[in-house]
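Engineer: Hey, dropping coords-v3.pdb in here, PDB, C-alpha atoms:
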```
ATOM      1  CA  MET A   1     364.444  97.198 106.259
ATOM      2  CA  ASP A   2     363.953  93.610 105.284
ATOM      3  CA  THR A   3     363.865  90.695 107.718
ATOM      4  CA  PRO A   4     362.663  87.075 107.521
ATOM      5  CA  GLY A   5     359.918  87.824 110.051
ATOM      6  CA  LEU A   6     358.607  90.723 107.982
ATOM      7  CA  TRP A   7     358.383  88.472 104.940
ATOM      8  CA  GLU A   8     356.430  85.864 106.881
ATOM      9  CA  LEU A   9     354.170  88.523 108.358
ATOM     10  CA  GLY A  10     353.536  89.999 104.924
ATOM     11  CA  VAL A  11     352.196  86.763 103.460
ATOM     12  CA  LEU A  12     350.219  85.613 106.484
ATOM     13  CA  SER A  13     346.457  85.325 106.137
ATOM     14  CA  GLY A  14     344.335  87.481 108.420
ATOM     15  CA  GLY A  15     342.815  84.619 110.379
ATOM     16  CA  ASP A  16     345.794  83.422 112.414
ATOM     17  CA  VAL A  17     346.044  85.803 115.381
ATOM     18  CA  LEU A  18     348.461  83.649 117.368
ATOM     19  CA  GLU A  19     350.838  83.425 114.430
ATOM     20  CA  VAL A  20     350.637  87.208 113.942
ATOM     21  CA  ARG A  21     351.553  87.783 117.596
ATOM     22  CA  ARG A  22     354.478  85.373 117.350
ATOM     23  CA  LEU A  23     355.750  87.000 114.191
ATOM     24  CA  LEU A  24     355.417  90.515 115.588
ATOM     25  CA  ALA A  25     357.532  89.513 118.576
ATOM     26  CA  GLU A  26     360.062  87.957 116.204
ATOM     27  CA  VAL A  27     360.181  91.066 114.009
ATOM     28  CA  GLU A  28     360.688  93.232 117.080
ATOM     29  CA  GLN A  29     363.719  91.137 118.030
ATOM     30  CA  GLU A  30     365.053  91.270 114.460
ATOM     31  CA  LEU A  31     364.739  95.053 114.324
ATOM     32  CA  TRP A  32     365.906  95.756 117.886
ATOM     33  CA  PRO A  33     369.597  96.232 116.974
ATOM     34  CA  VAL A  34     368.706  98.447 114.025
ATOM     35  CA  LEU A  35     366.483 100.691 116.114
ATOM     36  CA  ARG A  36     369.269 101.107 118.703
ATOM     37  CA  LEU A  37     366.794 101.547 121.477
ATOM     38  CA  PRO A  38     367.874 102.346 125.024
ATOM     39  CA  SER A  39     367.732  99.436 127.445
ATOM     40  CA  ALA A  40     365.773 101.334 130.123
ATOM     41  CA  VAL A  41     361.997 101.098 129.671
ATOM     42  CA  GLU A  42     361.359 104.854 129.819
ATOM     43  CA  GLY A  43     364.118 105.627 127.320
ATOM     44  CA  ARG A  44     362.958 102.857 125.009
ATOM     45  CA  ASP A  45     359.346 104.041 125.117
ATOM     46  CA  ARG A  46     360.350 107.620 124.351
ATOM     47  CA  ALA A  47     362.535 106.462 121.446
ATOM     48  CA  LEU A  48     359.666 104.387 120.035
ATOM     49  CA  ALA A  49     357.345 107.376 120.498
ATOM     50  CA  ARG A  50     359.779 109.481 118.447
ATOM     51  CA  TYR A  51     359.682 106.874 115.642
ATOM     52  CA  CYS A  52     355.856 106.778 115.702
ATOM     53  CA  LEU A  53     355.485 110.557 115.739
ATOM     54  CA  ARG A  54     357.956 110.987 112.883
ATOM     55  CA  ASP A  55     356.082 108.363 110.876
ATOM     56  CA  LEU A  56     352.829 110.206 111.617
ATOM     57  CA  LEU A  57     354.259 113.516 110.395
ATOM     58  CA  ASP A  58     355.733 111.840 107.306
ATOM     59  CA  GLY A  59     352.339 110.328 106.460
ATOM     60  CA  ARG A  60     353.484 106.725 106.933
ATOM     61  CA  LEU A  61     351.265 106.122 109.951
ATOM     62  CA  ASP A  62     347.535 106.716 110.350
ATOM     63  CA  PRO A  63     346.739 109.343 113.023
ATOM     64  CA  LEU A  64     344.637 106.990 115.138
ATOM     65  CA  VAL A  65     347.227 104.210 114.940
ATOM     66  CA  ALA A  66     349.994 106.610 115.941
ATOM     67  CA  ALA A  67     347.962 108.046 118.809
ATOM     68  CA  GLU A  68     347.045 104.584 120.110
ATOM     69  CA  ARG A  69     350.662 103.432 120.048
ATOM     70  CA  VAL A  70     352.003 106.564 121.701
ATOM     71  CA  GLY A  71     349.106 107.379 124.014
ATOM     72  CA  PHE A  72     348.258 103.918 125.273
ATOM     73  CA  GLU A  73     351.174 101.585 124.574
ATOM     74  CA  LEU A  74     354.104 103.920 125.236
ATOM     75  CA  CYS A  75     352.693 106.409 127.743
ATOM     76  CA  PRO A  76     352.906 104.902 131.231
ATOM     77  CA  ALA A  77     349.432 104.757 132.772
ATOM     78  CA  ASP A  78     350.860 105.466 136.224
ATOM     79  CA  ASP A  79     352.831 108.574 135.172
ATOM     80  CA  PRO A  80     350.567 111.630 134.925
ATOM     81  CA  GLY A  81     353.664 113.771 134.250
ATOM     82  CA  SER A  82     354.687 111.865 131.121
ATOM     83  CA  PRO A  83     355.303 114.142 128.139
ATOM     84  CA  LEU A  84     353.266 111.636 126.105
ATOM     85  CA  ARG A  85     350.120 112.190 128.194
ATOM     86  CA  PRO A  86     348.666 114.853 125.826
ATOM     87  CA  VAL A  87     348.552 112.238 123.059
ATOM     88  CA  ARG A  88     346.300 110.110 125.249
ATOM     89  CA  GLY A  89     344.038 113.121 125.778
ATOM     90  CA  TRP A  90     343.905 113.712 122.023
ATOM     91  CA  LEU A  91     342.973 110.075 121.486
ATOM     92  CA  TYR A  92     340.035 110.314 123.902
ATOM     93  CA  ARG A  93     338.723 113.341 121.980
ATOM     94  CA  ALA A  94     339.269 111.552 118.658
ATOM     95  CA  GLU A  95     337.376 108.466 119.806
ATOM     96  CA  ASP A  96     334.518 110.668 121.007
ATOM     97  CA  GLN A  97     334.471 112.533 117.703
ATOM     98  CA  GLN A  98     334.429 109.295 115.726
ATOM     99  CA  GLU A  99     331.549 107.988 117.784
ATOM    100  CA  HIS A 100     329.465 111.140 117.422
ATOM    101  CA  SER A 101     330.583 112.507 114.059
ATOM    102  CA  GLY A 102     331.538 109.387 112.125
ATOM    103  CA  GLY A 103     335.170 110.313 111.597
ATOM    104  CA  LEU A 104     338.038 112.623 112.377
ATOM    105  CA  THR A 105     337.957 116.227 111.268
ATOM    106  CA  LYS A 106     340.918 117.758 109.486
ATOM    107  CA  GLU A 107     341.255 120.168 112.408
ATOM    108  CA  LEU A 108     341.634 117.359 114.925
ATOM    109  CA  VAL A 109     344.216 115.587 112.769
ATOM    110  CA  ALA A 110     346.090 118.892 112.395
ATOM    111  CA  GLU A 111     346.007 119.223 116.178
ATOM    112  CA  LEU A 112     347.727 115.848 116.523
ATOM    113  CA  HIS A 113     350.331 116.869 113.962
ATOM    114  CA  ASP A 114     351.019 120.060 115.921
ATOM    115  CA  LEU A 115     351.291 118.087 119.140
ATOM    116  CA  ALA A 116     353.681 115.599 117.512
ATOM    117  CA  ALA A 117     355.875 118.406 116.187
ATOM    118  CA  ARG A 118     355.992 120.063 119.633
ATOM    119  CA  LEU A 119     356.912 116.777 121.313
ATOM    120  CA  LEU A 120     359.668 116.080 118.787
ATOM    121  CA  VAL A 121     361.358 119.449 119.308
ATOM    122  CA  GLY A 122     360.663 119.516 123.038
ATOM    123  CA  PRO A 123     360.667 116.688 125.567
ATOM    124  CA  LEU A 124     361.368 113.923 123.042
ATOM    125  CA  SER A 125     364.190 115.685 121.177
TER     126      SER A 125
END
```
Show me this structure written as structure tokens.
Structural biologist:
Amino acid sequence: MDTPGLWELGVLSGGDVLEVRRLLAEVEQELWPVLRLPSAVEGRDRALARYCLRDLLDGRLDPLVAAERVGFELCPADDPGSPLRPVRGWLYRAEDQQEHSGGLTKELVAELHDLAARLLVGPLS
């Protein structure tokens, strides 16, 4: 996918946070029709979670980045029954492991991959 906003974002220097935020919002609007996301918030969040989890399993997205997007940005904080809630739990364990062990173990990353695969064939299918 190629959009004008992605080009601008790609050449932007790291120091301009406000410009990055503006461009990210612009890119989201440019990609919205391509993503064909549902208009309801819950449906949209689940669709975005599917994209993130697929990118994680395909190796295009770092495990921590994927978990943060799914577990914090897309999992409603006020919905303890959300199918995305286990990703938030994984992220808490990962953050603890990073703090105490200096990084993620292969086992913990494999656990996230297993969780992603289960979500994609289960509640997010």
Engineer: What does the PyMOL selection byres ((chain A and resi 50) around 12) select in this file, as a PyMOL selection string?
Structural biologist: chain A and resi 35+37+43-49+51-57+66-67+69-70+74+83-84+116-125
Engineer: Just the number, please: distance in Å from atom CA of Phe72 of chain A to atom CA of Leu31 of chain A, one decimal.
Structural biologist: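 Answer for the atom CA of Phe72 of chain A to atom CA of Leu31 of chain A separation: 21.7 Å.
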Engineer: Please report the interatomic distance between atom CA of Gln29 of chain A and atom CA of Glu73 of chain A in Å with one decimal.
Structural biologist: 17.6 Å
Engineer: Between atom CA of Arg60 of chain A and atom CA of Ser39 of chain A, what is the distance, to one decimal in Å?
Structural biologist: 26.0 Å
Engineer: Show me, as a ChimeraX atom specification, the residues that have an atom within 9 Å of Val109 of chain A when counting all atoms listed in the file, minus same-chain residues fewer than 3 positions from it.
Structural biologist: /A:63-64,94,104-106,112-114
Engineer: Using all atoms listed in the file, find the one residue out of A:Val41, A:Trp90, A:Trp7, A:Ser101 that sits nearest to Glu26 of chain A.
Structural biologist: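 For Glu26 of chain A, the nearest of the given residues is A:Trp7.
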Engineer: Could you rebuild segment 92-117 of chain A with N, CA and C atoms and give it back as an mmCIF file, in the frame of the given file?
Structural biologist:
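selection_27.cif was written with the following content:
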```
data_model
loop_
_atom_site.group_PDB
_atom_site.id
_atom_site.type_symbol
_atom_site.label_atom_id
_atom_site.label_comp_id
_atom_site.auth_asym_id
_atom_site.auth_seq_id
_atom_site.Cartn_x
_atom_site.Cartn_y
_atom_site.Cartn_z
ATOM 1 N N TYR A 92 341.385 110.343 123.316
ATOM 2 C CA TYR A 92 340.035 110.314 123.902
ATOM 3 C C TYR A 92 339.091 111.228 123.119
ATOM 4 N N ARG A 93 339.555 112.417 122.755
ATOM 5 C CA ARG A 93 338.723 113.341 121.980
ATOM 6 C C ARG A 93 338.441 112.770 120.592
ATOM 7 N N ALA A 94 339.441 112.133 119.987
ATOM 8 C CA ALA A 94 339.269 111.552 118.658
ATOM 9 C C ALA A 94 338.249 110.411 118.686
ATOM 10 N N GLU A 95 338.332 109.578 119.703
ATOM 11 C CA GLU A 95 337.376 108.466 119.806
ATOM 12 C C GLU A 95 335.959 109.002 119.995
ATOM 13 N N ASP A 96 335.828 110.054 120.795
ATOM 14 C CA ASP A 96 334.518 110.668 121.007
ATOM 15 C C ASP A 96 333.991 111.266 119.701
ATOM 16 N N GLN A 97 334.876 111.932 118.965
ATOM 17 C CA GLN A 97 334.471 112.533 117.703
ATOM 18 C C GLN A 97 334.062 111.466 116.689
ATOM 19 N N GLN A 98 334.785 110.374 116.652
ATOM 20 C CA GLN A 98 334.429 109.295 115.726
ATOM 21 C C GLN A 98 333.063 108.717 116.067
ATOM 22 N N GLU A 99 332.818 108.568 117.352
ATOM 23 C CA GLU A 99 331.549 107.988 117.784
ATOM 24 C C GLU A 99 330.377 108.906 117.444
ATOM 25 N N HIS A 100 330.569 110.208 117.602
ATOM 26 C CA HIS A 100 329.465 111.140 117.422
ATOM 27 C C HIS A 100 329.415 111.789 116.045
ATOM 28 N N SER A 101 330.550 111.819 115.353
ATOM 29 C CA SER A 101 330.583 112.507 114.059
ATOM 30 C C SER A 101 330.909 111.582 112.895
ATOM 31 N N GLY A 102 331.260 110.345 113.185
ATOM 32 C CA GLY A 102 331.538 109.387 112.125
ATOM 33 C C GLY A 102 332.924 109.467 111.532
ATOM 34 N N GLY A 103 333.804 110.235 112.116
ATOM 35 C CA GLY A 103 335.170 110.313 111.597
ATOM 36 C C GLY A 103 335.926 111.484 112.196
ATOM 37 N N LEU A 104 337.193 111.552 111.871
ATOM 38 C CA LEU A 104 338.038 112.623 112.377
ATOM 39 C C LEU A 104 337.950 113.843 111.465
ATOM 40 N N THR A 105 337.922 115.010 112.063
ATOM 41 C CA THR A 105 337.957 116.227 111.268
ATOM 42 C C THR A 105 339.407 116.553 110.914
ATOM 43 N N LYS A 106 339.577 117.323 109.870
ATOM 44 C CA LYS A 106 340.918 117.758 109.486
ATOM 45 C C LYS A 106 341.558 118.576 110.604
ATOM 46 N N GLU A 107 340.748 119.338 111.315
ATOM 47 C CA GLU A 107 341.255 120.168 112.408
ATOM 48 C C GLU A 107 341.827 119.308 113.531
ATOM 49 N N LEU A 108 341.150 118.220 113.849
ATOM 50 C CA LEU A 108 341.634 117.359 114.925
ATOM 51 C C LEU A 108 342.919 116.645 114.508
ATOM 52 N N VAL A 109 342.989 116.223 113.268
ATOM 53 C CA VAL A 109 344.216 115.587 112.769
ATOM 54 C C VAL A 109 345.357 116.611 112.778
ATOM 55 N N ALA A 110 345.070 117.834 112.375
ATOM 56 C CA ALA A 110 346.090 118.892 112.395
ATOM 57 C C ALA A 110 346.566 119.156 113.822
ATOM 58 N N GLU A 111 345.657 119.050 114.766
ATOM 59 C CA GLU A 111 346.007 119.223 116.178
ATOM 60 C C GLU A 111 347.008 118.151 116.628
ATOM 61 N N LEU A 112 346.792 116.923 116.192
ATOM 62 C CA LEU A 112 347.727 115.848 116.523
ATOM 63 C C LEU A 112 349.078 116.096 115.870
ATOM 64 N N HIS A 113 349.071 116.560 114.650
ATOM 65 C CA HIS A 113 350.331 116.869 113.962
ATOM 66 C C HIS A 113 351.098 117.966 114.705
ATOM 67 N N ASP A 114 350.375 118.985 115.154
ATOM 68 C CA ASP A 114 351.019 120.060 115.921
ATOM 69 C C ASP A 114 351.593 119.523 117.224
ATOM 70 N N LEU A 115 350.830 118.690 117.888
ATOM 71 C CA LEU A 115 351.291 118.087 119.140
ATOM 72 C C LEU A 115 352.534 117.233 118.901
ATOM 73 N N ALA A 116 352.527 116.443 117.841
ATOM 74 C CA ALA A 116 353.681 115.599 117.512
ATOM 75 C C ALA A 116 354.913 116.457 117.256
ATOM 76 N N ALA A 117 354.741 117.524 116.492
ATOM 77 C CA ALA A 117 355.875 118.406 116.187
ATOM 78 C C ALA A 117 356.423 119.037 117.460
#
```
